[in-house]
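File shown: coords-v1.csv. Contents: CSV, C-alpha atoms and all ligand atoms.
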```csv
chain,number,residue,atom,x,y,z
A,210,LYS,CA,-108.3,8.1,-36.8
A,211,SER,CA,-110.6,9.8,-34.5
A,212,GLY,CA,-112.7,12.9,-34.3
A,213,PHE,CA,-116.0,14.6,-33.5
A,214,VAL,CA,-119.0,15.1,-35.8
A,215,ALA,CA,-122.0,17.4,-35.0
A,216,ILE,CA,-125.3,16.7,-36.6
A,217,ILE,CA,-127.4,19.8,-37.0
A,218,GLY,CA,-130.6,20.7,-38.9
A,219,ARG,CA,-134.2,21.7,-38.5
A,220,PRO,CA,-136.4,19.7,-36.1
A,221,ASN,CA,-137.6,16.3,-37.5
A,222,VAL,CA,-135.2,16.1,-40.4
A,223,GLY,CA,-133.9,12.8,-38.9
A,224,LYS,CA,-130.9,13.7,-36.8
A,225,SER,CA,-131.7,11.3,-34.0
A,226,THR,CA,-132.6,8.5,-36.4
A,227,LEU,CA,-129.2,8.8,-38.1
A,228,MET,CA,-127.4,8.8,-34.8
A,229,ASN,CA,-129.3,5.8,-33.6
A,230,HIS,CA,-128.6,4.0,-36.9
A,231,ILE,CA,-124.9,4.7,-36.7
A,232,VAL,CA,-124.4,4.0,-33.1
A,233,GLY,CA,-126.8,1.1,-33.1
A,234,GLN,CA,-128.7,2.0,-30.0
A,235,LYS,CA,-131.7,4.0,-29.2
A,236,ILE,CA,-130.0,6.7,-27.3
A,237,ALA,CA,-131.5,9.9,-28.7
A,238,ILE,CA,-135.2,10.4,-28.2
A,239,MET,CA,-137.1,10.1,-31.5
A,240,SER,CA,-140.4,11.8,-32.0
A,241,ASP,CA,-142.5,13.5,-34.5
A,242,LYS,CA,-142.8,16.5,-32.1
A,243,ALA,CA,-140.2,19.2,-32.7
A,244,GLN,CA,-137.4,19.7,-30.2
A,245,THR,CA,-137.6,16.5,-28.3
A,246,THR,CA,-133.9,16.3,-28.2
A,247,ARG,CA,-133.0,18.9,-25.5
A,248,ASN,CA,-129.4,18.0,-24.8
A,249,LYS,CA,-126.5,17.1,-27.0
A,250,ILE,CA,-126.2,13.4,-26.9
A,251,GLN,CA,-123.0,11.7,-27.8
A,252,GLY,CA,-122.6,8.3,-29.4
A,253,VAL,CA,-119.4,6.7,-30.4
A,254,TYR,CA,-118.9,4.8,-33.7
A,255,THR,CA,-116.0,2.5,-33.5
A,256,THR,CA,-114.3,0.4,-36.3
A,257,ASP,CA,-110.9,-1.1,-36.7
A,258,THR,CA,-109.6,2.1,-38.2
A,259,ALA,CA,-111.7,4.9,-36.7
A,260,GLN,CA,-113.4,6.2,-33.7
A,261,ILE,CA,-116.0,8.9,-34.4
A,262,VAL,CA,-118.0,10.7,-31.7
A,263,PHE,CA,-121.3,11.9,-32.8
A,264,ILE,CA,-123.1,14.8,-31.2
A,265,ASP,CA,-126.9,15.1,-31.9
A,266,THR,CA,-127.4,18.8,-31.3
A,267,PRO,CA,-130.7,20.4,-30.3
A,268,GLY,CA,-132.2,22.2,-33.3
A,269,ILE,CA,-130.8,25.5,-34.2
A,270,HIS,CA,-133.7,27.7,-35.0
A,271,LYS,CA,-134.8,31.3,-34.5
A,272,PRO,CA,-135.4,31.4,-30.7
A,273,LYS,CA,-138.9,32.3,-29.6
A,274,HIS,CA,-138.2,32.1,-25.9
A,275,LYS,CA,-135.3,31.9,-23.4
A,276,LEU,CA,-134.9,28.1,-23.6
A,277,GLY,CA,-134.7,28.4,-27.4
A,278,ASP,CA,-132.0,31.0,-27.1
A,279,PHE,CA,-130.0,28.8,-24.8
A,280,MET,CA,-130.3,25.9,-27.2
A,281,VAL,CA,-129.1,27.9,-30.1
A,282,LYS,CA,-126.1,29.2,-28.1
A,283,SER,CA,-125.3,25.7,-26.9
A,284,ALA,CA,-125.5,24.2,-30.4
A,285,LEU,CA,-123.3,26.9,-31.9
A,286,SER,CA,-120.6,26.4,-29.2
A,287,THR,CA,-120.6,22.7,-30.0
A,288,LEU,CA,-119.9,23.5,-33.7
A,289,ARG,CA,-116.7,25.2,-32.8
A,290,GLU,CA,-115.3,22.0,-31.2
A,291,VAL,CA,-115.9,19.4,-34.0
A,292,GLU,CA,-114.0,18.2,-37.0
A,293,VAL,CA,-117.0,17.7,-39.3
A,294,ILE,CA,-120.5,19.2,-39.4
A,295,TYR,CA,-123.4,17.4,-40.9
A,296,PHE,CA,-126.1,19.9,-42.0
A,297,MET,CA,-129.1,17.6,-42.4
A,298,VAL,CA,-132.1,18.4,-44.4
A,299,ASN,CA,-135.3,16.6,-45.3
A,300,ALA,CA,-135.5,15.8,-49.0
A,301,MET,CA,-139.3,16.2,-48.9
A,302,GLN,CA,-139.1,19.7,-47.5
A,303,LYS,CA,-138.4,22.8,-49.5
A,304,LEU,CA,-135.6,25.1,-48.5
A,305,GLY,CA,-137.1,27.5,-46.1
A,306,PRO,CA,-136.3,30.4,-43.7
A,307,GLY,CA,-135.3,27.8,-41.1
A,308,ASP,CA,-132.5,26.5,-43.3
A,309,GLU,CA,-131.4,29.9,-44.2
A,310,PHE,CA,-131.2,30.9,-40.5
A,311,ILE,CA,-129.0,27.9,-39.8
A,312,ILE,CA,-126.7,28.4,-42.8
A,313,ASP,CA,-126.3,32.0,-41.9
A,314,LYS,CA,-125.3,31.0,-38.3
A,315,LEU,CA,-123.0,28.3,-39.6
A,316,GLN,CA,-121.0,30.7,-41.8
A,317,SER,CA,-120.5,33.2,-38.9
A,318,VAL,CA,-119.4,30.5,-36.5
A,319,VAL,CA,-117.5,28.0,-38.5
A,320,GLY,CA,-114.2,28.7,-40.2
A,321,GLU,CA,-112.5,25.9,-42.0
A,322,THR,CA,-114.6,23.1,-40.6
A,323,PRO,CA,-116.0,20.9,-43.5
A,324,ILE,CA,-119.7,21.0,-43.7
A,325,TYR,CA,-121.6,18.2,-45.4
A,326,LEU,CA,-125.0,18.6,-46.8
A,327,VAL,CA,-126.7,15.4,-45.7
A,328,ILE,CA,-130.0,15.0,-47.5
A,329,ASN,CA,-132.2,12.6,-45.5
A,330,LYS,CA,-135.4,10.6,-46.3
A,331,ILE,CA,-134.4,9.9,-49.9
A,332,ASP,CA,-136.6,6.8,-49.6
A,333,GLN,CA,-139.5,9.2,-49.9
A,334,VAL,CA,-138.5,11.1,-53.1
A,335,HIS,CA,-137.7,10.3,-56.8
A,336,PRO,CA,-133.9,10.4,-57.6
A,337,ASP,CA,-134.4,12.9,-60.5
A,338,TYR,CA,-135.8,15.4,-58.0
A,339,LEU,CA,-132.6,15.6,-56.0
A,340,MET,CA,-130.5,17.5,-58.5
A,341,GLY,CA,-132.6,20.7,-58.4
A,342,PHE,CA,-132.9,20.3,-54.6
A,343,ILE,CA,-129.1,20.2,-54.2
A,344,ASP,CA,-128.5,23.2,-56.5
A,345,GLU,CA,-130.7,25.4,-54.3
A,346,TYR,CA,-128.6,24.6,-51.2
A,347,ARG,CA,-125.3,24.9,-53.1
A,348,GLN,CA,-126.2,28.5,-53.8
A,349,LEU,CA,-126.2,29.3,-50.1
A,350,LEU,CA,-123.1,27.5,-49.0
A,351,ASP,CA,-120.1,25.7,-50.6
A,352,PHE,CA,-120.6,22.3,-49.0
A,353,THR,CA,-117.6,20.0,-48.7
A,354,GLU,CA,-119.7,17.0,-49.5
A,355,VAL,CA,-123.3,16.4,-50.5
A,356,VAL,CA,-124.6,13.0,-49.4
A,357,PRO,CA,-128.1,11.7,-49.9
A,358,ILE,CA,-129.2,9.1,-47.3
A,359,SER,CA,-132.1,7.4,-45.7
A,360,ALA,CA,-131.4,7.3,-42.0
A,361,LEU,CA,-134.4,5.1,-41.4
A,362,GLU,CA,-133.5,2.4,-44.0
A,363,GLY,CA,-129.7,3.0,-43.7
A,364,ASN,CA,-129.3,3.8,-47.4
A,365,ASN,CA,-125.9,5.3,-48.2
A,366,VAL,CA,-125.1,5.7,-44.5
A,367,GLN,CA,-122.0,3.5,-44.8
A,368,ASN,CA,-120.8,5.8,-47.6
A,369,LEU,CA,-121.3,8.8,-45.4
A,370,LEU,CA,-119.2,7.2,-42.7
A,371,SER,CA,-116.4,6.3,-45.1
A,372,ILE,CA,-116.2,9.9,-46.5
A,373,THR,CA,-116.2,11.2,-42.9
A,374,GLU,CA,-113.5,8.9,-41.8
A,375,LYS,CA,-111.3,10.0,-44.7
A,376,GLN,CA,-111.7,13.6,-43.6
A,377,LEU,CA,-110.3,12.9,-40.1
A,401,LIG,P1,-134.8,15.0,-35.4
A,401,LIG,O1,-135.7,15.9,-34.8
A,401,LIG,O2,-134.0,15.7,-36.5
A,401,LIG,O3,-133.9,14.3,-34.4
A,401,LIG,O4,-135.6,13.9,-36.2
A,401,LIG,P2,-136.0,12.4,-35.8
A,401,LIG,O5,-134.8,11.5,-35.9
A,401,LIG,O6,-136.6,12.4,-34.4
A,401,LIG,O7,-137.0,11.9,-36.9
A,401,LIG,C1,-138.2,12.6,-37.1
A,401,LIG,C2,-139.2,11.7,-37.9
A,401,LIG,O8,-138.7,11.4,-39.2
A,401,LIG,C3,-139.4,10.3,-37.2
A,401,LIG,O9,-140.7,10.0,-37.3
A,401,LIG,C4,-138.5,9.4,-38.0
A,401,LIG,O10,-138.9,8.1,-38.1
A,401,LIG,C5,-138.6,10.0,-39.4
A,401,LIG,N1,-137.4,9.7,-40.3
A,401,LIG,C6,-136.1,9.9,-39.9
A,401,LIG,N2,-135.3,9.5,-40.9
A,401,LIG,C7,-136.1,9.1,-42.0
A,401,LIG,C8,-135.8,8.6,-43.3
A,401,LIG,O11,-134.7,8.4,-43.7
A,401,LIG,N3,-136.9,8.2,-44.0
A,401,LIG,C9,-138.2,8.4,-43.6
A,401,LIG,N4,-139.2,8.1,-44.4
A,401,LIG,N5,-138.5,8.9,-42.3
A,401,LIG,C10,-137.4,9.2,-41.5
A,402,MG,MG,-133.8,14.6,-32.4
```
Reformat the file's structure so that it appears as C-alpha cells.
Ligand code: GDP
Ligand code: MG
Amino acid sequence: KSGFVAIIGRPNVGKSTLMNHIVGQKIAIMSDKAQTTRNKIQGVYTTDTAQIVFIDTPGIHKPKHKLGDFMVKSALSTLREVEVIYFMVNAMQKLGPGDEFIIDKLQSVVGETPIYLVINKIDQVHPDYLMGFIDEYRQLLDFTEVVPISALEGNNVQNLLSITEKQL
C-alpha cells in the first residue's frame, strides 16, 4: 500500500514535530516562531506493508501579505493531490477563527478525501477535557477519524499510522 498524507493546521500545533517523529529525522524545521516551515517538506514512512509520503504544509491562514497568499495557494493545491489529510490542532488551544478559516478552505477544496482531526499535545491536558473539545470541531466538519496524539512523546502515533495505512 502507498499514498500521500498532508499535514495541515495553524502554526505551532506540532506538524513538524509529528513528521519528524514519524520519519525519524529532523527534516522539518521546528520552532516556537510561527511559519518557520516555508516549503512543503516530504518524508517517507516505510514498513513491510506500506509506504506513506508525508507532506508538512506551510500553515494555511488568512494571508496578511503576498508571501502569505502564496503559501495558502500552495498548501491548498497540495491538498488536492493527497489520499489523506491530517487537520492538526493543539489540545491546549480553543477553537478559533484560524481553525474556522482552515476548515472553510478545506471544505471548498477537498471532495472525498478523508480528513482526520489529529489532536496534538495531549500530554498537556486532562483526558476528560478532550470530549467537549472534539464535539466543537465535529460541529464544523464530519471528520473521518478523530485521533488524539502527542507528537512530542509519540503517544498514539502508531495508532494514527495504522488507521492511515488501512485507509490507503
Ligand atoms: P508546526 O508549526 O505546526 O510545525 O509546530 P512545531 O512542530 O514546530 O511545534 C511547535 C512547538 O510545539 C515546538 O516547541 C514543539 O516542541 C511543541 N510540540 C509539538 N508537539 C508537541 C506535543 O505533543 N506536546 C508538547 N507538549 N509540545 C509539542
Ligand atoms: Mg512546522
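Compared by their closest atoms to ligand LIG 401 (chain A), and using only C-alpha atoms and all ligand atoms, the residues A:Gln260, A:Thr353, A:Gln348, A:Asn365 rank with A:Asn365 nearest.
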- [ ] Pick out the closest residue to Asp332 in chain A from this set: A:Leu315, A:Val214, A:Leu288, A:Ile358. Count all atoms listed in the file.
- [x] A:Ile358
TODO: Find the distance between CA of Met297 in chain A and CA of Leu350 in chain A and write it in Å to one decimal.
DONE: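 Here the two named atoms are 13.3 Å from each other.
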TODO: May I ask which of the residues A:Ala284, A:Leu326, A:Ile343, A:Leu377 is the closest one to Gly212 in chain A, counting all atoms listed in the file?
DONE: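 Smallest separation from Gly212 in chain A among the options: A:Leu377.
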TODO: Rank A:Lys282, A:His335, A:Arg219, A:His230 by their smallest atom-to-atom distance to ligand LIG 401 (chain A), using only C-alpha atoms and all ligand atoms, and report the top residue only.
DONE: A:Arg219
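Distances here use all atoms listed in the file; by that measure, the residue among A:Asn221, A:Thr373, A:Thr322, A:Gln333 closest to Val262 in chain A is A:Thr373.
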As a short mmCIF file (atom, residue, chain, number, x, y, z; two decimals) with C-alpha atoms, in the coordinates of the input, please: the residues near range 302-308 of chain A (cut-off 12 Å, only C-alpha atoms, same-chain neighbours under 3 positions excluded).
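Result file around13.cif:
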```cif
data_model
loop_
_atom_site.label_atom_id
_atom_site.label_comp_id
_atom_site.auth_asym_id
_atom_site.auth_seq_id
_atom_site.Cartn_x
_atom_site.Cartn_y
_atom_site.Cartn_z
CA ILE A 217 -127.40 19.80 -37.00
CA GLY A 218 -130.60 20.70 -38.90
CA ARG A 219 -134.20 21.70 -38.50
CA PRO A 220 -136.40 19.70 -36.10
CA ASN A 221 -137.60 16.30 -37.50
CA VAL A 222 -135.20 16.10 -40.40
CA GLY A 268 -132.20 22.20 -33.30
CA ILE A 269 -130.80 25.50 -34.20
CA HIS A 270 -133.70 27.70 -35.00
CA LYS A 271 -134.80 31.30 -34.50
CA PRO A 272 -135.40 31.40 -30.70
CA PHE A 296 -126.10 19.90 -42.00
CA MET A 297 -129.10 17.60 -42.40
CA VAL A 298 -132.10 18.40 -44.40
CA ASN A 299 -135.30 16.60 -45.30
CA ILE A 311 -129.00 27.90 -39.80
CA ILE A 312 -126.70 28.40 -42.80
CA ASP A 313 -126.30 32.00 -41.90
CA LYS A 314 -125.30 31.00 -38.30
CA LEU A 315 -123.00 28.30 -39.60
CA LEU A 326 -125.00 18.60 -46.80
CA ILE A 328 -130.00 15.00 -47.50
CA ASN A 329 -132.20 12.60 -45.50
CA LYS A 330 -135.40 10.60 -46.30
CA ILE A 331 -134.40 9.90 -49.90
CA GLN A 333 -139.50 9.20 -49.90
CA VAL A 334 -138.50 11.10 -53.10
CA TYR A 338 -135.80 15.40 -58.00
CA LEU A 339 -132.60 15.60 -56.00
CA GLY A 341 -132.60 20.70 -58.40
CA PHE A 342 -132.90 20.30 -54.60
CA ILE A 343 -129.10 20.20 -54.20
CA ASP A 344 -128.50 23.20 -56.50
CA GLU A 345 -130.70 25.40 -54.30
CA TYR A 346 -128.60 24.60 -51.20
CA ARG A 347 -125.30 24.90 -53.10
CA GLN A 348 -126.20 28.50 -53.80
CA LEU A 349 -126.20 29.30 -50.10
CA LEU A 350 -123.10 27.50 -49.00
#
```
Assuming 3 Å of padding per side, give the centre and edge lengths of the axis-aligned box around every listed atom of ligand LIG 401 (chain A), in Å to one decimal and as JSON.
```
{"center_x": -137.3, "center_y": 12.0, "center_z": -39.4, "size_x": 12.8, "size_y": 13.8, "size_z": 16.0}
```
- [ ] Counting all atoms listed in the file, figure out which residue out of A:Ile264, A:Pro323, A:Gly233, A:Tyr254 gets nearest to ligand MG 402 (chain A).
- [x] A:Ile264
Open item on the list: One number please: atom C7 of ligand LIG 401 (chain A) to CA of Met301 in chain A, in Å, one decimal.
Closed with: 10.4 Å
TODO: Find the residues near Met228 in chain A: any atom within 7 Å, counting all atoms listed in the file, skip ones fewer than 4 places away on the same chain, and give them as JSON, numbers by chain.
DONE: {"A": [224, 232, 265]}
Open item on the list: Report, in Å with one decimal, the straight-line distance from CA of Met340 in chain A to CA of Gly320 in chain A.
Closed with: 26.9 Å
